[in-house]
$ cat run_24.txt   # compact mmCIF, C-alpha atoms and all ligand atoms
# COMPACT_ATOMS: atom_id res chain seq x y z
CA MET K 182 0.00 0.00 0.00
CA ILE K 183 1.15 3.53 -0.76
CA GLN K 184 -0.64 6.12 1.33
CA ILE K 185 0.00 9.79 0.65
CA THR K 186 -1.77 12.10 3.07
CA ASN K 187 -2.07 15.86 2.73
CA LEU K 188 1.26 16.15 0.92
CA HIS K 189 2.72 19.62 0.44
CA PHE K 190 5.83 20.06 -1.65
CA ALA K 191 7.74 22.81 -3.47
CA TYR K 192 11.35 23.00 -4.60
CA GLY K 193 12.71 25.70 -2.28
CA LYS K 194 10.66 28.87 -2.67
CA ARG K 195 9.46 27.97 -6.16
CA ARG K 196 5.92 27.25 -7.29
CA VAL K 197 4.05 24.90 -5.01
CA LEU K 198 3.73 21.51 -6.72
CA TYR K 199 1.58 19.68 -4.21
CA ASP K 200 -0.82 21.46 -1.97
CA GLY K 201 -2.56 18.82 0.12
CA LEU K 202 -2.33 15.77 -2.16
CA THR K 203 -3.97 12.63 -0.81
CA LEU K 204 -3.76 9.33 -2.69
CA ARG K 205 -3.97 5.65 -1.87
CA LEU K 206 -2.51 2.97 -4.10
CA SER K 207 -3.12 -0.70 -3.44
CA PRO K 208 -1.14 -3.79 -4.43
CA GLY K 209 -2.34 -5.77 -7.41
CA SER K 210 -2.67 -2.88 -9.84
CA ILE K 211 -0.65 -1.19 -12.54
CA TYR K 212 -1.37 2.49 -12.04
CA GLY K 213 -0.91 5.00 -14.83
CA LEU K 214 0.29 8.42 -13.67
CA LEU K 215 -0.55 11.10 -16.24
CA GLY K 216 -0.06 14.83 -16.15
CA PRO K 217 1.13 17.76 -18.24
CA ASN K 218 4.81 18.69 -18.42
CA GLY K 219 5.95 20.06 -15.10
CA ALA K 220 2.89 18.85 -13.17
CA GLY K 221 5.17 16.92 -10.83
CA LYS K 222 5.08 13.26 -11.86
CA SER K 223 8.82 12.68 -11.49
CA THR K 224 8.79 14.66 -8.26
CA LEU K 225 6.05 12.42 -6.89
CA PHE K 226 8.16 9.35 -7.71
CA ARG K 227 11.18 10.89 -5.98
CA LEU K 228 9.05 11.63 -2.92
CA MET K 229 7.76 8.04 -2.89
CA ALA K 230 11.30 6.72 -3.22
CA GLY K 231 12.62 8.90 -0.37
CA LEU K 232 14.87 10.98 -2.64
CA LEU K 233 12.91 14.13 -1.73
CA PHE K 234 11.07 14.92 1.48
CA PRO K 235 7.58 16.39 1.98
CA LYS K 236 7.32 19.92 3.34
CA GLN K 237 4.19 18.79 5.15
CA GLY K 238 2.05 15.68 5.19
CA ALA K 239 2.97 12.02 5.25
CA ILE K 240 3.98 9.31 2.81
CA GLN K 241 3.88 5.65 3.73
CA VAL K 242 5.17 3.13 1.21
CA ALA K 243 4.75 -0.57 2.02
CA GLY K 244 4.66 0.33 5.69
CA HIS K 245 7.78 2.51 5.57
CA ASP K 246 8.50 6.20 5.78
CA PRO K 247 10.56 6.65 2.58
CA ALA K 248 12.42 9.66 4.00
CA LYS K 249 14.14 7.39 6.54
CA ARG K 250 15.61 5.34 3.65
CA ARG K 251 15.91 2.24 5.80
CA PRO K 252 17.47 -0.81 4.08
CA ALA K 253 14.21 -2.77 4.46
CA PHE K 254 12.47 -0.04 2.42
CA LEU K 255 15.19 0.40 -0.21
CA GLN K 256 15.28 -3.31 -0.99
CA ASP K 257 11.53 -3.31 -1.61
CA ILE K 258 11.25 -0.39 -4.06
CA PHE K 259 12.71 0.15 -7.51
CA LEU K 260 12.55 3.47 -9.37
CA LEU K 261 13.33 3.51 -13.07
CA PRO K 262 14.11 7.17 -13.78
CA GLU K 263 13.11 8.97 -16.96
CA GLU K 264 16.73 9.53 -17.97
CA VAL K 265 18.78 6.42 -17.44
CA TYR K 266 22.52 6.52 -16.82
CA THR K 267 24.46 3.31 -16.86
CA PRO K 268 28.08 2.65 -15.91
CA ALA K 269 30.67 1.47 -18.44
CA MET K 270 30.53 -2.25 -17.72
CA ARG K 271 29.04 -5.46 -19.05
CA ILE K 272 25.41 -6.21 -18.24
CA ARG K 273 26.61 -9.26 -16.28
CA GLU K 274 28.82 -7.10 -14.05
CA TYR K 275 26.02 -4.59 -13.54
CA VAL K 276 23.73 -7.36 -12.32
CA THR K 277 26.41 -8.90 -10.09
CA LEU K 278 26.96 -5.53 -8.44
CA ASN K 279 23.34 -4.38 -8.11
CA ALA K 280 21.13 -7.45 -7.77
CA PRO K 281 22.32 -8.29 -4.22
CA PHE K 282 20.54 -5.14 -2.98
CA TYR K 283 17.22 -6.83 -3.84
CA PRO K 284 16.61 -10.05 -1.90
CA ARG K 285 13.91 -11.26 -4.32
CA PHE K 286 15.94 -10.56 -7.44
CA ASP K 287 15.38 -13.43 -9.88
CA TYR K 288 18.38 -14.02 -12.16
CA ARG K 289 16.52 -16.42 -14.44
CA GLN K 290 13.67 -13.97 -14.85
CA PHE K 291 16.19 -11.25 -15.80
CA ALA K 292 17.91 -13.57 -18.29
CA GLY K 293 14.49 -14.22 -19.85
CA TYR K 294 13.84 -10.49 -20.26
CA LEU K 295 17.26 -9.95 -21.83
CA ALA K 296 16.59 -12.76 -24.30
CA GLU K 297 13.16 -11.27 -25.12
CA PHE K 298 14.82 -7.94 -25.83
CA GLY K 299 17.49 -9.62 -27.95
CA LEU K 300 20.35 -8.71 -25.61
CA THR K 301 23.04 -10.81 -23.95
CA GLU K 302 24.81 -10.38 -20.62
CA ASP K 303 28.12 -9.91 -22.43
CA GLU K 304 27.07 -6.63 -23.94
CA ARG K 305 28.62 -3.48 -22.53
CA LEU K 306 26.22 -0.88 -21.20
CA ASN K 307 28.26 1.92 -22.76
CA GLU K 308 28.15 0.31 -26.19
CA ILE K 309 24.42 -0.26 -26.61
CA SER K 310 21.77 2.24 -27.71
CA TYR K 311 19.67 4.35 -25.35
CA GLY K 312 16.59 2.21 -26.00
CA GLN K 313 18.61 -0.94 -25.28
CA LYS K 314 19.92 0.53 -22.00
CA LYS K 315 16.37 1.29 -21.08
CA LYS K 316 15.39 -2.30 -21.83
CA VAL K 317 18.17 -3.60 -19.56
CA LEU K 318 16.94 -1.44 -16.70
CA ILE K 319 13.28 -2.28 -17.33
CA GLY K 320 14.21 -5.98 -17.17
CA PHE K 321 16.31 -5.37 -14.07
CA GLY K 322 13.47 -3.48 -12.37
CA LEU K 323 10.93 -6.19 -13.16
CA ALA K 324 13.32 -8.91 -11.96
CA THR K 325 13.89 -7.19 -8.58
CA ASN K 326 10.38 -8.32 -7.59
CA THR K 327 10.13 -5.39 -5.22
CA ALA K 328 6.75 -4.65 -3.65
CA VAL K 329 6.81 -1.23 -5.33
CA LEU K 330 7.98 -0.60 -8.88
CA LEU K 331 7.94 2.99 -10.16
CA MET K 332 8.67 3.61 -13.84
CA ASP K 333 9.03 7.14 -15.15
CA GLU K 334 8.29 7.34 -18.89
CA PRO K 335 9.53 3.79 -19.51
CA THR K 336 8.42 3.63 -23.15
CA ASN K 337 10.40 6.73 -24.18
CA GLY K 338 13.12 5.52 -26.47
CA LEU K 339 11.52 2.15 -27.19
CA ASP K 340 10.66 1.26 -30.78
CA ILE K 341 7.15 0.14 -31.71
CA PRO K 342 7.61 -3.66 -31.32
CA SER K 343 9.40 -3.09 -28.00
CA LYS K 344 6.43 -1.17 -26.65
CA ALA K 345 4.23 -4.23 -27.15
CA GLN K 346 6.94 -6.38 -25.52
CA PHE K 347 7.06 -3.94 -22.62
CA ARG K 348 3.31 -4.23 -22.07
CA ARG K 349 3.48 -7.99 -22.13
CA LEU K 350 6.45 -8.22 -19.76
CA VAL K 351 5.00 -5.75 -17.24
CA ALA K 352 1.63 -7.48 -17.30
CA GLY K 353 3.44 -10.78 -16.67
CA ALA K 354 5.52 -9.39 -13.79
CA ALA K 355 2.63 -7.70 -11.99
CA ASP K 356 0.96 -9.73 -9.26
CA GLU K 357 -1.41 -9.23 -6.38
CA ASN K 358 1.41 -8.26 -4.00
CA ARG K 359 3.00 -5.64 -6.18
CA ILE K 360 2.21 -1.98 -6.84
CA VAL K 361 3.39 -0.82 -10.24
CA VAL K 362 3.13 2.88 -11.10
CA ILE K 363 3.99 4.04 -14.61
CA SER K 364 4.13 7.69 -15.60
CA THR K 365 3.71 8.46 -19.25
CA HIS K 366 2.89 10.98 -21.93
CA GLN K 367 2.61 8.16 -24.43
CA VAL K 368 -0.84 7.16 -23.25
CA ARG K 369 -1.57 5.20 -26.39
CA ASP K 370 1.45 2.99 -25.60
CA LEU K 371 -0.03 1.93 -22.30
CA GLU K 372 -3.76 2.22 -22.75
CA THR K 373 -4.31 -1.51 -22.47
CA LEU K 374 -1.94 -1.94 -19.53
CA ILE K 375 -2.73 0.70 -16.94
CA ASP K 376 -5.69 0.64 -14.60
CA PRO K 377 -6.52 2.67 -12.53
CA VAL K 378 -5.36 6.01 -13.87
CA ILE K 379 -4.17 8.99 -11.84
CA ILE K 380 -4.27 12.30 -13.68
CA LEU K 381 -2.58 15.41 -12.30
CA THR K 382 -3.66 18.84 -13.48
CA GLU K 383 -1.93 22.21 -13.42
CA GLY K 384 -4.34 23.37 -10.74
CA HIS K 385 -3.29 20.71 -8.22
CA GLN K 386 -6.39 18.64 -8.85
CA VAL K 387 -5.93 14.89 -8.97
CA ILE K 388 -8.30 12.41 -10.54
CA GLN K 389 -7.87 8.76 -9.62
CA ALA K 390 -10.27 6.24 -11.06
CA PRO K 391 -10.48 2.69 -12.39
CA MET K 392 -11.12 2.39 -16.13
CA GLU K 393 -14.43 0.64 -15.54
CA VAL K 394 -15.78 3.58 -13.54
CA ILE K 395 -14.50 6.07 -16.10
CA SER K 396 -16.33 4.23 -18.85
CA GLU K 397 -19.53 4.28 -16.81
CA ARG K 398 -19.39 8.00 -16.10
CA LEU K 399 -18.08 9.37 -19.38
CA TRP K 400 -18.90 8.58 -22.98
CA PHE K 401 -16.09 8.37 -25.50
CA GLY K 402 -16.96 8.09 -29.15
CA LEU K 403 -17.35 9.53 -32.59
CA VAL K 404 -20.36 11.56 -33.58
CA PRO K 405 -21.08 12.81 -37.10
CA ARG K 406 -22.08 16.24 -35.78
CA LEU K 407 -21.59 17.95 -32.43
CA GLU K 408 -25.35 18.66 -32.40
CA ASP K 409 -25.85 14.93 -31.83
CA VAL K 410 -24.65 15.49 -28.30
CA GLN K 411 -27.21 17.12 -26.05
CA GLY K 412 -25.48 18.61 -23.06
CA THR K 413 -21.97 19.04 -21.87
CA ILE K 414 -19.12 18.08 -24.14
CA PHE K 415 -15.93 17.93 -22.09
CA TYR K 416 -13.66 17.49 -25.04
CA SER K 417 -14.00 17.29 -28.80
CA GLU K 418 -11.66 17.15 -31.74
CA ARG K 419 -12.22 16.82 -35.47
CA ALA K 420 -11.86 13.28 -36.71
CA ILE K 421 -12.51 11.47 -39.96
CA GLY K 422 -16.26 11.39 -40.44
CA GLY K 423 -17.12 13.73 -37.59
CA TYR K 424 -15.93 14.51 -34.11
CA ALA K 425 -14.25 12.56 -31.35
CA VAL K 426 -16.12 13.44 -28.19
CA VAL K 427 -15.93 13.00 -24.44
CA ALA K 428 -19.34 13.73 -23.00
CA ARG K 429 -21.76 12.75 -20.27
CA PRO K 430 -23.29 9.38 -21.16
CA ASP K 431 -26.84 10.70 -20.88
CA ALA K 432 -26.01 13.56 -23.26
CA VAL K 433 -25.36 11.31 -26.20
CA ARG K 434 -28.22 10.31 -28.46
CA LEU K 435 -26.09 7.63 -30.05
CA ARG K 436 -25.61 5.79 -26.78
CA GLN K 437 -25.81 2.42 -28.39
CA ALA K 438 -22.51 3.22 -30.07
CA MET K 439 -19.73 1.56 -28.15
CA SER K 440 -17.79 3.68 -25.72
CA ARG K 441 -14.23 2.71 -24.91
CA VAL K 442 -12.08 4.91 -22.70
CA ASP K 443 -9.59 6.86 -24.78
CA LEU K 444 -6.90 8.02 -22.37
CA GLU K 445 -5.69 10.84 -24.58
CA TRP K 446 -9.16 12.34 -24.88
CA LEU K 447 -9.74 11.76 -21.16
CA PHE K 448 -6.50 13.53 -20.37
CA ASN K 449 -7.58 16.52 -22.46
CA ALA K 450 -11.04 16.55 -20.92
CA VAL K 451 -9.55 16.54 -17.41
CA GLN K 452 -7.16 19.39 -18.24
CA ALA K 453 -10.05 21.40 -19.73
CA HIS K 454 -12.49 20.78 -16.86
CA PRO K 455 -10.38 19.90 -13.81
CA ASP K 456 -12.92 20.98 -11.20
CA TYR K 457 -15.82 19.15 -12.82
CA MET K 458 -13.78 15.97 -13.28
CA HIS K 459 -12.51 16.17 -9.73
CA THR K 460 -16.09 16.24 -8.50
CA LEU K 461 -17.19 13.51 -10.91
CA PHE K 462 -14.51 11.16 -9.58
CA SER K 463 -14.32 12.43 -6.01
CA ASP K 464 -15.51 9.09 -4.62
CA THR K 465 -13.12 6.85 -6.58
CA LYS K 466 -9.78 7.69 -5.03
CA THR K 467 -9.65 4.54 -3.01
CA LEU K 468 -11.36 2.24 -5.49
CA THR K 469 -9.25 -0.26 -7.32
CA HIS K 470 -10.21 -2.25 -10.35
CA ALA K 471 -11.62 -5.72 -9.88
N1 LIG R 1 15.67 19.76 -8.90
C1 LIG R 1 14.76 20.69 -9.13
N2 LIG R 1 14.91 21.93 -8.63
C2 LIG R 1 13.99 22.90 -8.84
N3 LIG R 1 12.85 22.71 -9.55
C3 LIG R 1 12.65 21.50 -10.07
C4 LIG R 1 13.59 20.43 -9.89
N4 LIG R 1 13.12 19.34 -10.53
C5 LIG R 1 11.94 19.69 -11.09
N5 LIG R 1 11.68 20.99 -10.82
C6 LIG R 1 10.46 21.72 -11.24
O1 LIG R 1 9.33 21.08 -10.65
C7 LIG R 1 8.27 21.00 -11.58
C8 LIG R 1 7.84 19.55 -11.72
O2 LIG R 1 8.87 18.80 -12.30
P1 LIG R 1 8.71 17.24 -12.60
O3 LIG R 1 9.96 16.81 -13.29
O4 LIG R 1 8.31 16.54 -11.36
O5 LIG R 1 7.47 17.27 -13.59
P2 LIG R 1 6.92 16.14 -14.57
O6 LIG R 1 5.44 16.11 -14.38
O7 LIG R 1 7.64 14.85 -14.34
O8 LIG R 1 7.28 16.77 -15.96
P3 LIG R 1 7.57 16.10 -17.40
O9 LIG R 1 6.25 15.58 -17.86
O10 LIG R 1 8.01 17.25 -18.23
O11 LIG R 1 8.60 15.03 -17.22
C9 LIG R 1 8.78 21.62 -12.88
O12 LIG R 1 8.27 22.94 -12.93
C10 LIG R 1 10.27 21.64 -12.73
O13 LIG R 1 10.83 22.76 -13.34
$ encode --input "run_24.txt" --output "structure tokens"
Amino acid sequence: MIQITNLHFAYGKRRVLYDGLTLRLSPGSIYGLLGPNGAGKSTLFRLMAGLLFPKQGAIQVAGHDPAKRRPAFLQDIFLLPEEVYTPAMRIREYVTLNAPFYPRFDYRQFAGYLAEFGLTEDERLNEISYGQKKKVLIGFGLATNTAVLLMDEPTNGLDIPSKAQFRRLVAGAADENRIVVISTHQVRDLETLIDPVIILTEGHQVIQAPMEVISERLWFGLVPRLEDVQGTIFYSERAIGGYAVVARPDAVRLRQAMSRVDLEWLFNAVQAHPDYMHTLFSDTKTLTHA
């Protein structure tokens, strides 16, 4: 469990990033953390990992106060940063040096990921591409089997087939004891993987909701004309044959048309109507998907 209660944070005297953030994340889910540039996604990860400290409020991660950085906490959390830096050594040496920090590290599992990504342990981390380095660290992070796995923009730098591999490997490594949180701008990369979603807005609002609830409370679809929607449209964009729309389900005459959550449209709708969306999902912060 990750429990964030009334978190306040700012870098020095700069703009306040969190002004009373409260969130609860439960094991058994792959959370998607979305937000505009500068909203504070990476900062939230650093706070969860104990690399930054709250100005006020409390963070509990798997029963630990991250700020204390106790060994029992550090061996149960892995943070894959957005920008990865790797030392000039072979993958094998990297694993020999770093895996012992994680008591549940599974060497065979890691070897399987490397093989999936078409890499071998003999390769030198300073002689492979950025995307390949990222794959090594994604595999390493999954193989740590920590209770908490935080991944900041993991699909940046991955080619299209690797994104599908990534989804498959993460889905396979997630289990009922693990909390996985993935931040991303590439929502289409992860649409089928993440549930629930957490969306940060510029105005410090936070929406947290399971996909199932989102699809019950909002309608996503294509309409030939905007006049086909009676009532509030939260987001629309021109599309082939009409308009892509996020609206209230009861506002759409064409309700029989299938509605499937589109995370990119949802993201835009939340940024455009943060207060309304916050109210619409105010009761879902502690819900997890079935
Ligand atoms: N070390 C730092 N010192 C001062 N300000 C910082 C520092 N790191 C980040 N910031 C500021 O804090 C804000 C949030 O940054 P953060 O990297 O957490 O955002 P983000 O949501 O991850 O952004 P992006 O989507 O662009 O990666 C930004 O305005 C950034 O300029």
$ closest_residue --input "run_24.txt" --among "K:Leu300, K:Leu381, K:Leu306, K:Ala453" --to "ligand LIG 1 (chain R)" --atoms "only C-alpha atoms and all ligand atoms"
K:Leu381
$ residues_around --input "run_24.txt" --residues "segment 356-368 of chain K" --least-positions-apart "6" --cutoff "6 Å" --atoms "only C-alpha atoms" --output "list in words"
Pro208, Gly209, Ser210, Ile211, Tyr212, Gly213, Leu214, Leu215, Ala328, Val329, Leu330, Leu331, Met332, Asp333 and Glu334 of chain K
$ write_last_selection --input "run_24.txt" --atoms "C-alpha atoms" --output "PDB file, in the coordinates of the input"
ATOM      1  CA  PRO K 208      -1.140  -3.790  -4.430  1.00  0.00           C
ATOM      2  CA  GLY K 209      -2.340  -5.770  -7.410  1.00  0.00           C
ATOM      3  CA  SER K 210      -2.670  -2.880  -9.840  1.00  0.00           C
ATOM      4  CA  ILE K 211      -0.650  -1.190 -12.540  1.00  0.00           C
ATOM      5  CA  TYR K 212      -1.370   2.490 -12.040  1.00  0.00           C
ATOM      6  CA  GLY K 213      -0.910   5.000 -14.830  1.00  0.00           C
ATOM      7  CA  LEU K 214       0.290   8.420 -13.670  1.00  0.00           C
ATOM      8  CA  LEU K 215      -0.550  11.100 -16.240  1.00  0.00           C
ATOM      9  CA  ALA K 328       6.750  -4.650  -3.650  1.00  0.00           C
ATOM     10  CA  VAL K 329       6.810  -1.230  -5.330  1.00  0.00           C
ATOM     11  CA  LEU K 330       7.980  -0.600  -8.880  1.00  0.00           C
ATOM     12  CA  LEU K 331       7.940   2.990 -10.160  1.00  0.00           C
ATOM     13  CA  MET K 332       8.670   3.610 -13.840  1.00  0.00           C
ATOM     14  CA  ASP K 333       9.030   7.140 -15.150  1.00  0.00           C
ATOM     15  CA  GLU K 334       8.290   7.340 -18.890  1.00  0.00           C
TER      16      GLU K 334
END
$ residues_near_ligand --input "run_24.txt" --ligand "ligand LIG 1 (chain R)" --cutoff "9 Å" --atoms "only C-alpha atoms and all ligand atoms" --output "number ranges by chain"
K: 191-193, 195-198, 215-227, 263, 333-334, 364-366, 381
$ atom_distance --input "run_24.txt" --atom1 "atom CA of Arg398 of chain K" --atom2 "atom CA of Ala355 of chain K"
27.4 Å
$ closest_residue --input "run_24.txt" --among "K:Arg285, K:Lys314, K:Arg271, K:Arg406" --to "Glu302 of chain K" --atoms "all atoms listed in the file"
K:Arg271
$ axis_aligned_box --input "run_24.txt" --around "segment 352-356 of chain K" --padding-each-side "6 Å" --output "AutoDock Vina command-line options"
--center_x 3.2 --center_y -9.1 --center_z -13.3 --size_x 16.6 --size_y 15.3 --size_z 20.0
$ residues_around --input "run_24.txt" --residues "segment 244-248 of chain K" --least-positions-apart "4" --cutoff "10 Å" --atoms "only C-alpha atoms" --output "list in words"
Met182, Ile183, Gln184, Arg227, Leu228, Met229, Ala230, Gly231, Leu232, Leu233, Phe234, Pro235, Ala239, Ile240, Ala253, Phe254, Leu255, Asp257 and Ile258 of chain K
$ residues_around --input "run_24.txt" --residues "segment 463-466 of chain K" --least-positions-apart "2" --cutoff "6 Å" --atoms "only C-alpha atoms" --output "PyMOL selection string"
chain K and resi 389-390+459-461+468
